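Trainee: Starting off with a structure, shown below.
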Amino acid sequence: MTAVENPNAELAPAQLRDLRRLAGFMVPASAEYGVPGAEDEAIFADIVRSLGRDKDDVREALAMLREIAGGDFAGLDQAAAEAVAMTLLGREHRVMTALGRAVLQCYYRDDRVMHALGIEPRAPYPQGRVLEPGDWSLLDAVRGRRRMWRDVDSTET
Amino acid sequence: MPRPPDDIVDVLIIGAGASGAAVAWSLAETRMKILCLEQGDWIKPTEFPSNGRDWEARRYADFDISPNRRARATDYPVNDDNSPMKIANFNGVGGGTILFTAHYPRMHPSDFRVRTLDGVADDWPIDYWTLEPYFAENDRMTGVAGLAGDPAYPTHEPNMPPVPLGKTGTRYARAMNQLRWHWWPSDVAVATTEYDGRGKCINLGHCTPGCAQGAKASVDITYWPHALRARVELRTRCRVREITTNEHGMASGVVYYDPSGMERFQPAEVVIIAANGIGTPRLLLNSASARFPSGLANSSGLVGKNLMLHPWPMVFGYIDDELDGDRGPQTVMWSKEFYETDPSRGFLRGYTLQFTRGTGPANEAITSMAAGRLPWGKDHHRVFRSLHYHRMLIGVACEDLPEEHNRVTLDPALTDSHGIPAPKIDYAISENTRRMMEHGIARASEILEAAGAKNISCSRTVLNSPGHLLGTARMGLNPERSVVNEWGRSHDVKNLFIVDGSIWVTSGGVNPTSTIQALALYVADSIKKRLATLFD
């Protein structure tokens, strides 16, 4: 079942179509970087499934999108749709932050996207990661520096 | 057999967070009957986000630092509309330590004498040296990683080696040495070796949304196991509505809602509040009665006032080389170069610079999109690759001085799920603090430039406050100018104690958990030393 057909999505079918097309303009597929777009079926299903606390704001953003489009966004031709999408995405509004979060939190955990970024697609636990020690000799410049803290009995530093 | 809920206890603690856990553990050796009521749940290690692929997304959901967005059944709402800084907390066993970054500096000696040294606010009724043995005891219970010898502090010995500098810390350190400014590896409440039965840090990423490994020292895995073994009782999902008093004006117990939602009364000989700088004044104000019409323990009128939240600008920059990103604890080092007062800077008091690593890919994208650094459309992928794993981030931890107009009151309409009035926050950033913030932002920008960073930008107030909730039931010697005395006992109600951040007189420019816990241990010790005359 695709996300568009998912009855638990709670967004209306027209809203889902608009959101999917909008997501493709937000983060488009790129052959150069070897990544799918955010409208990719698996990624979009994850987006819809994960709307959670942002669902109402996303719904409001989609209403704004329809207002800019003057009606059905999903039915616009490519150039018109891109212009409408970029007009919406250029707005500074609370719901745009929520819309962005809803898309990006799922896009940047997709296996294909992770592989393209050189990241192993897995949860941090239990394997953890490697952190190099760094250059501790740099601390030699600070060791032995005179006391900096002020004593309560003195106003001297 | 568990004790029936209506049996009187010797000590009732409200809240199982940083201070409640410490005071419970310390008092356990008295063998008194000690009960802690906590409105939240235990959080299992398997519940923490780093167990799953959605670990970054859950920072904006059930592990969000804002109770209003998180909105678990165990949370209460906070009206913070009239504040540029939003309230952060966590309600559960461990309290705020579940979500803290584990940056663990102590207050400095000068922080307790701001009136004497700098002519502002008030001195504390105790000093650093009073707390010094409790800092040490708290470090031992917590397990602190760091390095002795920092010239910015009196000598102390962290329990474990510091967290690695990594690529990011090395880059910061070179820049700081170039500028000839102080830096030092931070004290952090993260186990870098196995400690007290806890595994060592394996670099799960940002420490904030809880630690599945158990390396971060949230008090559910530090103090609480010891306190429970010493027979302290802890009941979860028990939300206290009010503290009741008897005909002598003494606290007689609390009315609370049990996990089934049933209203119950728990009698107690001593009540200790450990509910943080928002929850504590809320509870005291909700405990108003005919005898205490303006709220319990509020003859001074200062309950809820002098709220301090630590304004905390975040200064970002990006360099060409790849850095640590999310591959390690977020906090790596601090600088105290601008901590002590220098009037030539145009403000009094000072700040800590907190040097942090980067973040994971989703969080980098989300925050950079919100800040306007990351475009939508065709250029998205190119720009993202210049940001991800290239971020440097310096926090400016500004001392916030007490002002009575910054306050917690009861919201006239908003309530929690039990119908208990919710807190309302009125807070503004002072002119002194604003000058301090701008100074810190400028210095942090210099550091980032010295490190080779580009695209430097700043968030003056982060989306939520750092969760440092201080000053709303301050301690002092004068009952007209303070809520509790110099060892945490209410001036008005002699069997009522407060041990959380609300008793702070000033805020310092540091993360407060270490000092909150040292204070709780000090209050507990003060109680133990005075058991025969505790209510005199």
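Quick note on naming: the chains in the structure tokens go A, B, ... in the order shown, residues restart at 1 in each chain, and ligands are numbered from 1 in order of appearance.
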Would you kindly return, as a PDB file with C-alpha atoms, in the first residue's frame, each protein, DNA or RNA residue with an atom no farther than 6 Å from any atom of stretch 408-423 of chain B, considering only C-alpha atoms and excluding same-chain residues fewer than 5 positions away?

Mentor:
ATOM      1  CA  TYR B  76       2.257  19.603  32.594  1.00  0.00           C
ATOM      2  CA  VAL B  78       3.706  25.829  30.753  1.00  0.00           C
ATOM      3  CA  ARG B 282       3.829  26.367  41.055  1.00  0.00           C
ATOM      4  CA  GLY B 304       7.965  32.606  41.910  1.00  0.00           C
TER       5      GLY B 304
END

Trainee: Return the neighbours of chain A among the residues of chain B, cut-off 6 Å, counting only C-alpha atoms, as an MDAnalysis selection string.

Mentor: chainID B and resid 50:53 57 110 151:153 164:167 170 202:204 327 362 366 370 376:377

Trainee: Please produce an output containing N, CA and C atoms for each residue in the selection, written as an mmCIF file, in the first residue's frame.

Mentor:
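The file below, again_39.cif, is the result:
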data_model
loop_
_atom_site.group_PDB
_atom_site.id
_atom_site.type_symbol
_atom_site.label_atom_id
_atom_site.label_comp_id
_atom_site.auth_asym_id
_atom_site.auth_seq_id
_atom_site.Cartn_x
_atom_site.Cartn_y
_atom_site.Cartn_z
ATOM 1 N N SER B 50 18.384 6.717 20.757
ATOM 2 C CA SER B 50 19.551 6.190 20.046
ATOM 3 C C SER B 50 19.450 4.692 19.776
ATOM 4 N N ASN B 51 18.386 4.051 20.236
ATOM 5 C CA ASN B 51 18.132 2.652 19.872
ATOM 6 C C ASN B 51 17.585 2.503 18.458
ATOM 7 N N GLY B 52 17.127 3.587 17.862
ATOM 8 C CA GLY B 52 16.416 3.453 16.594
ATOM 9 C C GLY B 52 16.930 4.371 15.507
ATOM 10 N N ARG B 53 16.493 4.101 14.281
ATOM 11 C CA ARG B 53 16.875 4.923 13.134
ATOM 12 C C ARG B 53 16.218 6.296 13.180
ATOM 13 N N ALA B 57 14.726 12.335 14.908
ATOM 14 C CA ALA B 57 13.351 12.838 14.860
ATOM 15 C C ALA B 57 12.714 12.861 16.248
ATOM 16 N N SER B 110 33.449 33.148 43.106
ATOM 17 C CA SER B 110 32.926 34.517 43.005
ATOM 18 C C SER B 110 31.415 34.543 42.788
ATOM 19 N N PRO B 151 43.145 26.335 35.520
ATOM 20 C CA PRO B 151 43.428 27.551 36.295
ATOM 21 C C PRO B 151 42.190 28.405 36.574
ATOM 22 N N ALA B 152 41.072 28.065 35.942
ATOM 23 C CA ALA B 152 39.841 28.839 36.164
ATOM 24 C C ALA B 152 39.082 28.383 37.402
ATOM 25 N N TYR B 153 39.524 27.296 38.024
ATOM 26 C CA TYR B 153 38.793 26.735 39.163
ATOM 27 C C TYR B 153 39.732 26.403 40.312
ATOM 28 N N PRO B 164 37.252 12.710 24.580
ATOM 29 C CA PRO B 164 38.257 13.058 23.565
ATOM 30 C C PRO B 164 38.025 14.452 22.975
ATOM 31 N N LEU B 165 39.137 15.100 22.638
ATOM 32 C CA LEU B 165 39.008 16.378 21.927
ATOM 33 C C LEU B 165 38.417 16.156 20.542
ATOM 34 N N GLY B 166 38.872 15.088 19.901
ATOM 35 C CA GLY B 166 38.396 14.819 18.552
ATOM 36 C C GLY B 166 38.899 15.866 17.566
ATOM 37 N N LYS B 167 38.394 15.750 16.354
ATOM 38 C CA LYS B 167 38.783 16.729 15.330
ATOM 39 C C LYS B 167 38.271 18.117 15.682
ATOM 40 N N THR B 170 40.127 19.751 18.662
ATOM 41 C CA THR B 170 41.477 20.132 18.236
ATOM 42 C C THR B 170 41.437 21.443 17.463
ATOM 43 N N ILE B 202 30.269 5.230 24.295
ATOM 44 C CA ILE B 202 30.633 4.646 23.001
ATOM 45 C C ILE B 202 30.229 5.586 21.855
ATOM 46 N N ASN B 203 30.048 6.853 22.189
ATOM 47 C CA ASN B 203 29.819 7.892 21.173
ATOM 48 C C ASN B 203 28.532 7.681 20.378
ATOM 49 N N LEU B 204 27.444 7.646 21.095
ATOM 50 C CA LEU B 204 26.145 7.456 20.448
ATOM 51 C C LEU B 204 25.633 8.736 19.801
ATOM 52 N N ARG B 327 29.515 12.273 16.116
ATOM 53 C CA ARG B 327 30.257 11.083 16.554
ATOM 54 C C ARG B 327 30.967 11.332 17.879
ATOM 55 N N ALA B 362 19.991 14.715 10.033
ATOM 56 C CA ALA B 362 18.634 15.268 10.044
ATOM 57 C C ALA B 362 18.592 16.576 10.833
ATOM 58 N N ILE B 366 17.526 20.206 9.506
ATOM 59 C CA ILE B 366 16.366 20.897 10.090
ATOM 60 C C ILE B 366 16.768 22.271 10.639
ATOM 61 N N ALA B 370 15.840 25.978 9.054
ATOM 62 C CA ALA B 370 15.124 26.987 9.843
ATOM 63 C C ALA B 370 15.905 28.297 9.923
ATOM 64 N N TRP B 376 15.954 25.105 -0.291
ATOM 65 C CA TRP B 376 15.159 24.063 -0.928
ATOM 66 C C TRP B 376 15.495 24.052 -2.416
ATOM 67 N N GLY B 377 15.189 22.960 -3.065
ATOM 68 C CA GLY B 377 15.333 22.931 -4.513
ATOM 69 C C GLY B 377 16.672 22.372 -4.964
#

Trainee: Tell me, as a ChimeraX atom specification, which residues lie within 8 Å of A:Arg20, counting only C-alpha atoms; anything in the same chain fewer than 2 positions away does not count.

Mentor: /A:16-18,22-24,38-39,44

Trainee: Please produce a file of the residues just selected, as a PDB file, in the first residue's frame, where the atoms kept are C-alpha atoms.

Mentor:
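Below is the file that was written, result_6.pdb:
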ATOM      1  CA  LEU A  16      -1.357  13.898   0.219  1.00  0.00           C
ATOM      2  CA  ARG A  17      -0.973  14.482  -3.510  1.00  0.00           C
ATOM      3  CA  ASP A  18      -0.055  18.125  -2.908  1.00  0.00           C
ATOM      4  CA  LEU A  22       5.745  19.727  -2.830  1.00  0.00           C
ATOM      5  CA  ALA A  23       8.261  17.393  -1.168  1.00  0.00           C
ATOM      6  CA  GLY A  24       9.780  16.736  -4.587  1.00  0.00           C
ATOM      7  CA  ALA A  38      11.720  13.444  -0.931  1.00  0.00           C
ATOM      8  CA  GLU A  39       8.722  12.480  -3.080  1.00  0.00           C
ATOM      9  CA  PHE A  44       7.139   9.890   1.373  1.00  0.00           C
TER      10      PHE A  44
END

Trainee: Rounded to one decimal, what separation in Å do you get between atom CA of B:Trp334 and atom CA of B:Pro105?

Mentor: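 Atom CA of B:Pro105 lies at a distance of 9.1 Å from atom CA of B:Trp334.
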
Trainee: Looking at B:Gly372, B:His226, B:Leu284, B:Pro45, which one is nearest to A:Arg91, with distances taken over only C-alpha atoms?

Mentor: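 Selected residue with least distance to A:Arg91: B:Gly372.
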
Trainee: Set the distance at 9 Å and use only C-alpha atoms: which residues neighbour B:Phe112 once local chain neighbours fewer than 4 positions away are removed? I'd like the list as a ChimeraX atom specification.

Mentor: /A:152 /B:107-108,122-128,505-506,508

Trainee: Skip B:Asn455 itself and residues of its chain fewer than 2 positions away, then list as a list in words all residues within 12 Å of it, counting only C-alpha atoms.

Mentor: Val315, Phe316, Gly317, Tyr318, Ile319, Asp320, Ser368, Ala371, Gly372, Arg373, Leu374, Val383, Ser386, Leu387, His390, Arg391, Met392, Leu393, Ser445, Leu448, Glu449, Gly452, Ala453, Ser457 and Cys458 of chain B
